[in-house]
>>> print(open('model.pdb').read())   # PDB, C-alpha atoms
ATOM      1  CA  MET A   1     -24.860 -57.312  32.486
ATOM      2  CA  THR A   2     -21.199 -56.517  33.048
ATOM      3  CA  ILE A   3     -18.819 -55.130  30.453
ATOM      4  CA  TYR A   4     -15.240 -56.362  30.741
ATOM      5  CA  ASN A   5     -12.693 -54.097  29.065
ATOM      6  CA  VAL A   6      -9.546 -56.085  28.400
ATOM      7  CA  ASP A   7      -6.459 -54.128  27.374
ATOM      8  CA  SER A   8      -4.061 -56.502  25.700
ATOM      9  CA  LYS A   9      -2.350 -53.890  23.544
ATOM     10  CA  GLY A  10       1.347 -54.566  23.114
ATOM     11  CA  THR A  11       1.108 -58.279  23.827
ATOM     12  CA  ALA A  12       1.669 -60.847  21.125
ATOM     13  CA  CYS A  13       0.176 -64.254  20.370
ATOM     14  CA  PRO A  14      -1.095 -65.976  22.477
ATOM     15  CA  GLY A  15      -1.279 -63.131  25.033
ATOM     16  CA  PRO A  16      -4.545 -61.522  23.853
ATOM     17  CA  ILE A  17      -6.452 -64.802  23.911
ATOM     18  CA  THR A  18      -5.032 -65.626  27.343
ATOM     19  CA  ASP A  19      -6.274 -62.229  28.548
ATOM     20  CA  LEU A  20      -9.652 -62.964  26.928
ATOM     21  CA  ILE A  21      -9.852 -66.329  28.728
ATOM     22  CA  ARG A  22      -9.057 -64.673  32.072
ATOM     23  CA  ALA A  23     -11.961 -62.241  31.597
ATOM     24  CA  TYR A  24     -14.219 -65.030  30.321
ATOM     25  CA  ARG A  25     -13.657 -67.027  33.501
ATOM     26  CA  LYS A  26     -15.030 -64.139  35.571
ATOM     27  CA  ALA A  27     -17.940 -63.431  33.201
ATOM     28  CA  SER A  28     -21.499 -64.741  33.106
ATOM     29  CA  ASN A  29     -23.867 -65.313  30.210
ATOM     30  CA  GLY A  30     -25.028 -61.984  28.809
ATOM     31  CA  ASP A  31     -21.844 -60.160  29.774
ATOM     32  CA  ILE A  32     -19.760 -58.372  27.147
ATOM     33  CA  ILE A  33     -15.998 -58.635  26.749
ATOM     34  CA  ILE A  34     -14.255 -55.897  24.791
ATOM     35  CA  LEU A  35     -10.755 -57.033  23.898
ATOM     36  CA  GLN A  36      -8.286 -54.435  22.659
ATOM     37  CA  ALA A  37      -5.034 -55.589  21.093
ATOM     38  CA  THR A  38      -2.330 -54.686  18.618
ATOM     39  CA  ASP A  39      -1.476 -58.254  17.580
ATOM     40  CA  PRO A  40      -2.970 -58.767  14.089
ATOM     41  CA  GLY A  41      -3.813 -62.369  14.971
ATOM     42  CA  VAL A  42      -6.381 -61.280  17.533
ATOM     43  CA  VAL A  43      -9.282 -61.030  15.050
ATOM     44  CA  PRO A  44      -8.987 -64.475  13.405
ATOM     45  CA  ASP A  45      -8.043 -66.047  16.744
ATOM     46  CA  SER A  46     -11.059 -64.508  18.490
ATOM     47  CA  LYS A  47     -13.356 -65.592  15.639
ATOM     48  CA  ALA A  48     -12.024 -69.142  15.878
ATOM     49  CA  TRP A  49     -12.345 -69.150  19.665
ATOM     50  CA  CYS A  50     -15.949 -67.924  19.500
ATOM     51  CA  GLY A  51     -16.737 -70.572  16.889
ATOM     52  CA  MET A  52     -15.246 -73.316  19.016
ATOM     53  CA  THR A  53     -16.773 -72.220  22.310
ATOM     54  CA  LYS A  54     -20.143 -71.047  20.873
ATOM     55  CA  ASN A  55     -19.814 -67.555  22.297
ATOM     56  CA  GLU A  56     -21.040 -64.689  20.127
ATOM     57  CA  LEU A  57     -18.623 -62.501  18.197
ATOM     58  CA  VAL A  58     -20.508 -59.199  18.124
ATOM     59  CA  ASP A  59     -18.066 -56.939  16.304
ATOM     60  CA  THR A  60     -14.475 -56.383  15.255
ATOM     61  CA  LYS A  61     -12.828 -53.067  14.472
ATOM     62  CA  GLU A  62      -9.385 -52.049  13.256
ATOM     63  CA  ASN A  63      -7.958 -48.570  13.463
ATOM     64  CA  ASN A  64      -4.312 -47.749  12.757
ATOM     65  CA  GLY A  65      -3.036 -51.119  13.879
ATOM     66  CA  GLU A  66      -5.239 -51.317  16.965
ATOM     67  CA  TYR A  67      -7.929 -53.965  17.063
ATOM     68  CA  GLU A  68     -11.081 -54.138  19.136
ATOM     69  CA  VAL A  69     -13.064 -57.342  19.411
ATOM     70  CA  THR A  70     -16.451 -57.409  21.119
ATOM     71  CA  ILE A  71     -17.748 -60.727  22.379
ATOM     72  CA  LYS A  72     -21.038 -61.542  24.063
ATOM     73  CA  VAL A  73     -20.719 -64.360  26.561
ATOM     74  CA  THR A  74     -23.355 -66.942  25.715
ATOM     75  CA  ALA A  75     -21.816 -70.338  26.429
ATOM     76  CA  LYS A  76     -21.034 -70.373  30.133
ATOM     77  CA  LYS A  77     -22.378 -73.489  31.850
TER      78      LYS A  77
ATOM     79  CA  MET B  78      -6.667 -94.693  26.452
ATOM     80  CA  PRO B  79      -6.302 -91.536  28.521
ATOM     81  CA  GLY B  80      -5.491 -88.232  26.846
ATOM     82  CA  GLY B  81      -7.696 -88.730  23.792
ATOM     83  CA  ASN B  82      -8.262 -85.010  23.255
ATOM     84  CA  SER B  83      -4.889 -83.896  24.572
ATOM     85  CA  PHE B  84      -2.333 -81.873  22.666
ATOM     86  CA  ASN B  85       1.047 -83.509  23.022
ATOM     87  CA  ILE B  86       4.466 -82.030  22.431
ATOM     88  CA  VAL B  87       7.751 -83.887  22.203
ATOM     89  CA  MET B  88      10.282 -81.181  23.027
ATOM     90  CA  ALA B  89      13.591 -82.416  21.680
ATOM     91  CA  THR B  90      15.584 -79.355  20.614
ATOM     92  CA  GLY B  91      16.703 -76.769  23.141
ATOM     93  CA  THR B  92      17.473 -73.754  20.977
ATOM     94  CA  SER B  93      15.931 -70.437  21.860
ATOM     95  CA  GLU B  94      13.350 -70.162  19.075
ATOM     96  CA  LYS B  95      12.062 -73.693  19.703
ATOM     97  CA  LEU B  96      11.511 -72.919  23.378
ATOM     98  CA  VAL B  97       9.433 -69.891  22.355
ATOM     99  CA  MET B  98       7.387 -72.201  20.093
ATOM    100  CA  LEU B  99       6.874 -74.535  23.039
ATOM    101  CA  GLY B 100       5.602 -71.652  25.171
ATOM    102  CA  VAL B 101       3.228 -70.372  22.496
ATOM    103  CA  LEU B 102       1.756 -73.790  21.632
ATOM    104  CA  THR B 103       1.390 -74.805  25.277
ATOM    105  CA  GLN B 104      -0.324 -71.580  26.281
ATOM    106  CA  THR B 105      -2.597 -71.779  23.224
ATOM    107  CA  GLY B 106      -3.565 -75.373  24.011
ATOM    108  CA  ALA B 107      -4.371 -74.352  27.583
ATOM    109  CA  ASN B 108      -6.391 -71.372  26.286
ATOM    110  CA  LEU B 109      -8.468 -73.783  24.206
ATOM    111  CA  GLY B 110      -9.097 -76.060  27.168
ATOM    112  CA  MET B 111      -6.983 -78.913  25.817
ATOM    113  CA  PRO B 112      -4.925 -80.986  28.217
ATOM    114  CA  VAL B 113      -1.298 -80.455  27.146
ATOM    115  CA  ARG B 114       1.309 -83.141  27.724
ATOM    116  CA  ILE B 115       4.976 -82.300  27.131
ATOM    117  CA  PHE B 116       7.771 -84.859  26.897
ATOM    118  CA  VAL B 117      11.180 -83.209  27.250
ATOM    119  CA  THR B 118      14.128 -85.021  25.784
ATOM    120  CA  GLY B 119      17.362 -84.470  23.843
ATOM    121  CA  THR B 120      19.013 -81.061  24.015
ATOM    122  CA  ALA B 121      15.806 -79.455  25.318
ATOM    123  CA  LEU B 122      16.345 -81.176  28.648
ATOM    124  CA  LYS B 123      19.151 -78.733  29.488
ATOM    125  CA  SER B 124      16.640 -75.890  29.823
ATOM    126  CA  PHE B 125      14.541 -77.992  32.193
ATOM    127  CA  LYS B 126      17.320 -78.561  34.685
ATOM    128  CA  LYS B 127      16.722 -76.608  37.887
ATOM    129  CA  ASP B 128      17.263 -72.919  37.000
ATOM    130  CA  GLY B 129      18.182 -74.024  33.473
ATOM    131  CA  PHE B 130      15.772 -71.505  31.961
ATOM    132  CA  LYS B 131      17.821 -68.703  33.536
ATOM    133  CA  GLY B 132      20.904 -69.697  31.531
ATOM    134  CA  LYS B 133      22.119 -68.094  28.338
ATOM    135  CA  PRO B 134      19.784 -68.985  25.445
ATOM    136  CA  VAL B 135      21.269 -71.268  22.788
ATOM    137  CA  MET B 136      20.918 -69.869  19.278
ATOM    138  CA  PRO B 137      20.416 -72.108  16.235
ATOM    139  CA  ALA B 138      23.687 -72.352  14.307
ATOM    140  CA  GLY B 139      23.742 -70.324  11.099
ATOM    141  CA  PHE B 140      20.951 -67.964  12.182
ATOM    142  CA  GLU B 141      22.862 -65.647  14.518
ATOM    143  CA  ASP B 142      22.012 -62.376  12.745
ATOM    144  CA  TYR B 143      18.417 -63.407  12.169
ATOM    145  CA  MET B 144      18.046 -64.392  15.835
ATOM    146  CA  LYS B 145      19.407 -61.036  16.986
ATOM    147  CA  GLU B 146      16.734 -59.319  14.904
ATOM    148  CA  LEU B 147      14.028 -61.690  16.116
ATOM    149  CA  ILE B 148      14.957 -61.348  19.795
ATOM    150  CA  ALA B 149      15.127 -57.561  19.501
ATOM    151  CA  GLY B 150      11.625 -57.629  18.003
ATOM    152  CA  LEU B 151      10.282 -59.931  20.727
ATOM    153  CA  ASP B 152      11.797 -57.695  23.399
ATOM    154  CA  LYS B 153       9.765 -54.773  22.048
ATOM    155  CA  LEU B 154       6.524 -56.717  22.463
ATOM    156  CA  ARG B 155       4.840 -57.324  25.797
ATOM    157  CA  THR B 156       5.654 -61.023  25.451
ATOM    158  CA  ASP B 157       6.450 -63.389  28.282
ATOM    159  CA  ASN B 158       9.503 -65.615  28.034
ATOM    160  CA  TRP B 159       8.876 -69.287  27.269
ATOM    161  CA  HIS B 160       9.108 -70.369  30.912
ATOM    162  CA  LYS B 161       6.567 -67.781  32.043
ATOM    163  CA  MET B 162       4.286 -68.930  29.174
ATOM    164  CA  LEU B 163       4.450 -72.476  30.558
ATOM    165  CA  GLU B 164       3.686 -71.207  34.070
ATOM    166  CA  THR B 165       0.703 -69.239  32.738
ATOM    167  CA  ALA B 166      -0.515 -72.285  30.822
ATOM    168  CA  MET B 167      -0.309 -74.361  34.000
ATOM    169  CA  GLU B 168      -2.265 -71.684  35.855
ATOM    170  CA  ILE B 169      -5.122 -71.616  33.341
ATOM    171  CA  GLY B 170      -5.165 -75.190  32.098
ATOM    172  CA  ASP B 171      -4.245 -78.837  32.487
ATOM    173  CA  VAL B 172      -0.563 -78.958  31.542
ATOM    174  CA  LYS B 173       1.962 -81.566  32.540
ATOM    175  CA  VAL B 174       5.681 -81.692  31.758
ATOM    176  CA  PHE B 175       7.526 -85.005  31.757
ATOM    177  CA  ALA B 176      11.264 -85.590  31.493
ATOM    178  CA  CYS B 177      12.668 -88.451  29.443
ATOM    179  CA  SER B 178      13.933 -91.254  31.670
ATOM    180  CA  LEU B 179      16.600 -92.370  29.170
ATOM    181  CA  MET B 180      18.204 -88.934  28.904
ATOM    182  CA  THR B 181      17.958 -88.085  32.602
ATOM    183  CA  SER B 182      19.523 -91.454  33.436
ATOM    184  CA  ALA B 183      22.330 -90.837  30.957
ATOM    185  CA  LEU B 184      23.002 -87.466  32.557
ATOM    186  CA  GLY B 185      22.689 -88.820  36.099
ATOM    187  CA  TRP B 186      19.867 -86.367  36.888
ATOM    188  CA  LYS B 187      17.153 -87.103  39.432
ATOM    189  CA  LYS B 188      13.748 -85.432  39.824
ATOM    190  CA  GLU B 189      15.229 -83.021  42.370
ATOM    191  CA  ASP B 190      17.776 -81.842  39.777
ATOM    192  CA  LEU B 191      14.987 -80.681  37.462
ATOM    193  CA  ASP B 192      12.912 -77.527  37.208
ATOM    194  CA  PRO B 193       9.914 -77.737  39.560
ATOM    195  CA  ILE B 194       7.553 -77.420  36.574
ATOM    196  CA  VAL B 195       8.580 -80.965  35.595
ATOM    197  CA  ASP B 196       5.898 -83.287  36.916
ATOM    198  CA  SER B 197       7.922 -86.491  36.808
ATOM    199  CA  ILE B 198      10.507 -88.567  34.968
ATOM    200  CA  VAL B 199       8.810 -91.073  32.685
ATOM    201  CA  GLY B 200       9.635 -93.459  29.885
ATOM    202  CA  ALA B 201       8.301 -93.210  26.358
ATOM    203  CA  THR B 202       5.711 -95.893  27.114
ATOM    204  CA  ASP B 203       4.117 -93.897  29.907
ATOM    205  CA  PHE B 204       4.094 -90.747  27.784
ATOM    206  CA  MET B 205       2.603 -92.502  24.778
ATOM    207  CA  ILE B 206      -0.134 -94.077  26.873
ATOM    208  CA  GLN B 207      -0.922 -90.753  28.561
ATOM    209  CA  SER B 208      -1.057 -89.000  25.203
ATOM    210  CA  GLY B 209      -2.755 -91.824  23.310
ATOM    211  CA  GLY B 210      -5.073 -90.690  20.568
ATOM    212  CA  GLY B 211      -4.221 -87.019  20.873
ATOM    213  CA  GLN B 212      -2.406 -84.858  18.371
ATOM    214  CA  THR B 213       1.373 -84.920  18.858
ATOM    215  CA  VAL B 214       3.932 -82.467  17.519
ATOM    216  CA  ILE B 215       7.690 -82.749  17.707
ATOM    217  CA  ILE B 216       9.747 -79.620  18.243
TER     218      ILE B 216
END
>>> encode(input="model.pdb", output="structure tokens")
Amino acid sequence: MTIYNVDSKGTACPGPITDLIRAYRKASNGDIIILQATDPGVVPDSKAWCGMTKNELVDTKENNGEYEVTIKVTAKK
Amino acid sequence: MPGGNSFNIVMATGTSEKLVMLGVLTQTGANLGMPVRIFVTGTALKSFKKDGFKGKPVMPAGFEDYMKELIAGLDKLRTDNWHKMLETAMEIGDVKVFACSLMTSALGWKKEDLDPIVDSIVGATDFMIQSGGGQTVII
């Protein structure tokens, strides 16, 4: 299992999801992507993306305007 | 019809904030794996002339102060300009940009006069067939 740490802090919509997609393309099933961002849209956008793609949203955290979204890759074909 | 699940954008207005919208929607569509088809017409075509995106942005009339505030805010974010967003979308997804044949003819512009990101000059019929069945927004 590989953990991909994606630092998208400072970018705005749709930058964090584009950074997520770039990591996702390199990842395999079972890998973890940890996406860090400051754009407040990153949590609902990541939830929607996981719902659409059937990847697993493991956790979301917010601390002083910084967001961390953890996703388990489960839908790679 | 081709393009059943595509996201289609008719880009008709060339003011600065609308070009940002184009970049955001195109990159988002590409992120979601949707084919994105863009038909550039009207005043938007000016920004799709070769090197047109490097020109001075056109602000929407009546919103000068608001636009100054908005642009200053965007400059503080790590945000790509609209043209770079389109390039990124093309890198990660299936994105095609078409220029309106009526408007390019009226302006006397040929394919070689346009930004290289423009795939081809087409008529409305070709665009509508390519985008048939998909969701279309007009900007």
>>> closest_residue(input="model.pdb", among="A:Gly30, A:Pro44, A:Gly51, A:Gly65", to="Lys9 of chain A", atoms="all atoms listed in the file")
A:Gly65
>>> closest_residue(input="model.pdb", among="A:Ala27, A:Ile17, A:Ile34, A:Val73", to="chain B", atoms="all atoms listed in the file")
A:Ile17
>>> resolve_selection(input="model.pdb", expression="the PyMOL selection byres ((chain B and resi 203) around 12)", output="ChimeraX atom specification")
/B:78-80,114-116,175-178,197-202,204-209
>>> closest_residue(input="model.pdb", among="A:Lys76, A:Met1, A:Leu35, A:Ala23", to="Val58 of chain A", atoms="only C-alpha atoms")
A:Leu35
>>> resolve_selection(input="model.pdb", expression="the PyMOL selection byres ((chain A) within 8 of (chain B))", output="CSV table (one decimal) with C-alpha atoms, in the coordinates of the input")
chain,number,residue,atom,x,y,z
A,10,GLY,CA,1.3,-54.6,23.1
A,11,THR,CA,1.1,-58.3,23.8
A,12,ALA,CA,1.7,-60.8,21.1
A,13,CYS,CA,0.2,-64.3,20.4
A,14,PRO,CA,-1.1,-66.0,22.5
A,15,GLY,CA,-1.3,-63.1,25.0
A,17,ILE,CA,-6.5,-64.8,23.9
A,18,THR,CA,-5.0,-65.6,27.3
A,21,ILE,CA,-9.9,-66.3,28.7
A,49,TRP,CA,-12.3,-69.2,19.7
>>> atom_distance(input="model.pdb", atom1="atom CA of Gly91 of chain B", atom2="atom CA of Ile216 of chain B")
9.0 Å
>>> atom_distance(input="model.pdb", atom1="atom CA of Phe140 of chain B", atom2="atom CA of Trp159 of chain B")
19.4 Å
>>> atom_distance(input="model.pdb", atom1="atom CA of Asp190 of chain B", atom2="atom CA of Leu122 of chain B")
11.2 Å
>>> residues_around(input="model.pdb", residues="Val43 of chain A", least_positions_apart="4", cutoff="9 Å", atoms="all atoms listed in the file", output="compact mmCIF listing (two decimals) with C-alpha atoms, in the frame of the given file")
# COMPACT_ATOMS: atom_id res chain seq x y z
CA ASP A 39 -1.48 -58.25 17.58
CA LYS A 47 -13.36 -65.59 15.64
CA ALA A 48 -12.02 -69.14 15.88
CA THR A 60 -14.48 -56.38 15.26
CA LYS A 61 -12.83 -53.07 14.47
CA TYR A 67 -7.93 -53.96 17.06
CA GLU A 68 -11.08 -54.14 19.14
CA VAL A 69 -13.06 -57.34 19.41
>>> closest_residue(input="model.pdb", among="A:Asn63, A:Thr74, A:Met52, A:Leu20", to="Ile33 of chain A", atoms="all atoms listed in the file")
A:Leu20
>>> residues_near_point(input="model.pdb", point="(11.9, -71.6, 18.1)", cutoff="12 Å", atoms="all atoms listed in the file", output="PyMOL selection string")
chain B and resi 88-102+121+134-137+140+144+147-148+158-159+215-216
>>> residues_around(input="model.pdb", residues="Phe84 of chain B", least_positions_apart="4", cutoff="6 Å", atoms="only C-alpha atoms", output="list in words")
Val113, Gly211 and Gln212 of chain B
>>> residues_around(input="model.pdb", residues="Pro193 of chain B", least_positions_apart="2", cutoff="12 Å", atoms="only C-alpha atoms", output="MDAnalysis selection string")
chainID B and resid 124:130 160 163:164 173:176 187:191 195:198
>>> closest_residue(input="model.pdb", among="A:Lys54, A:Arg25, A:Ala75, A:Asn64", to="Ala37 of chain A", atoms="only C-alpha atoms")
A:Asn64
>>> closest_residue(input="model.pdb", among="A:Ser8, A:Thr53, A:Thr2, A:Thr70", to="Arg22 of chain A", atoms="all atoms listed in the file")
A:Ser8
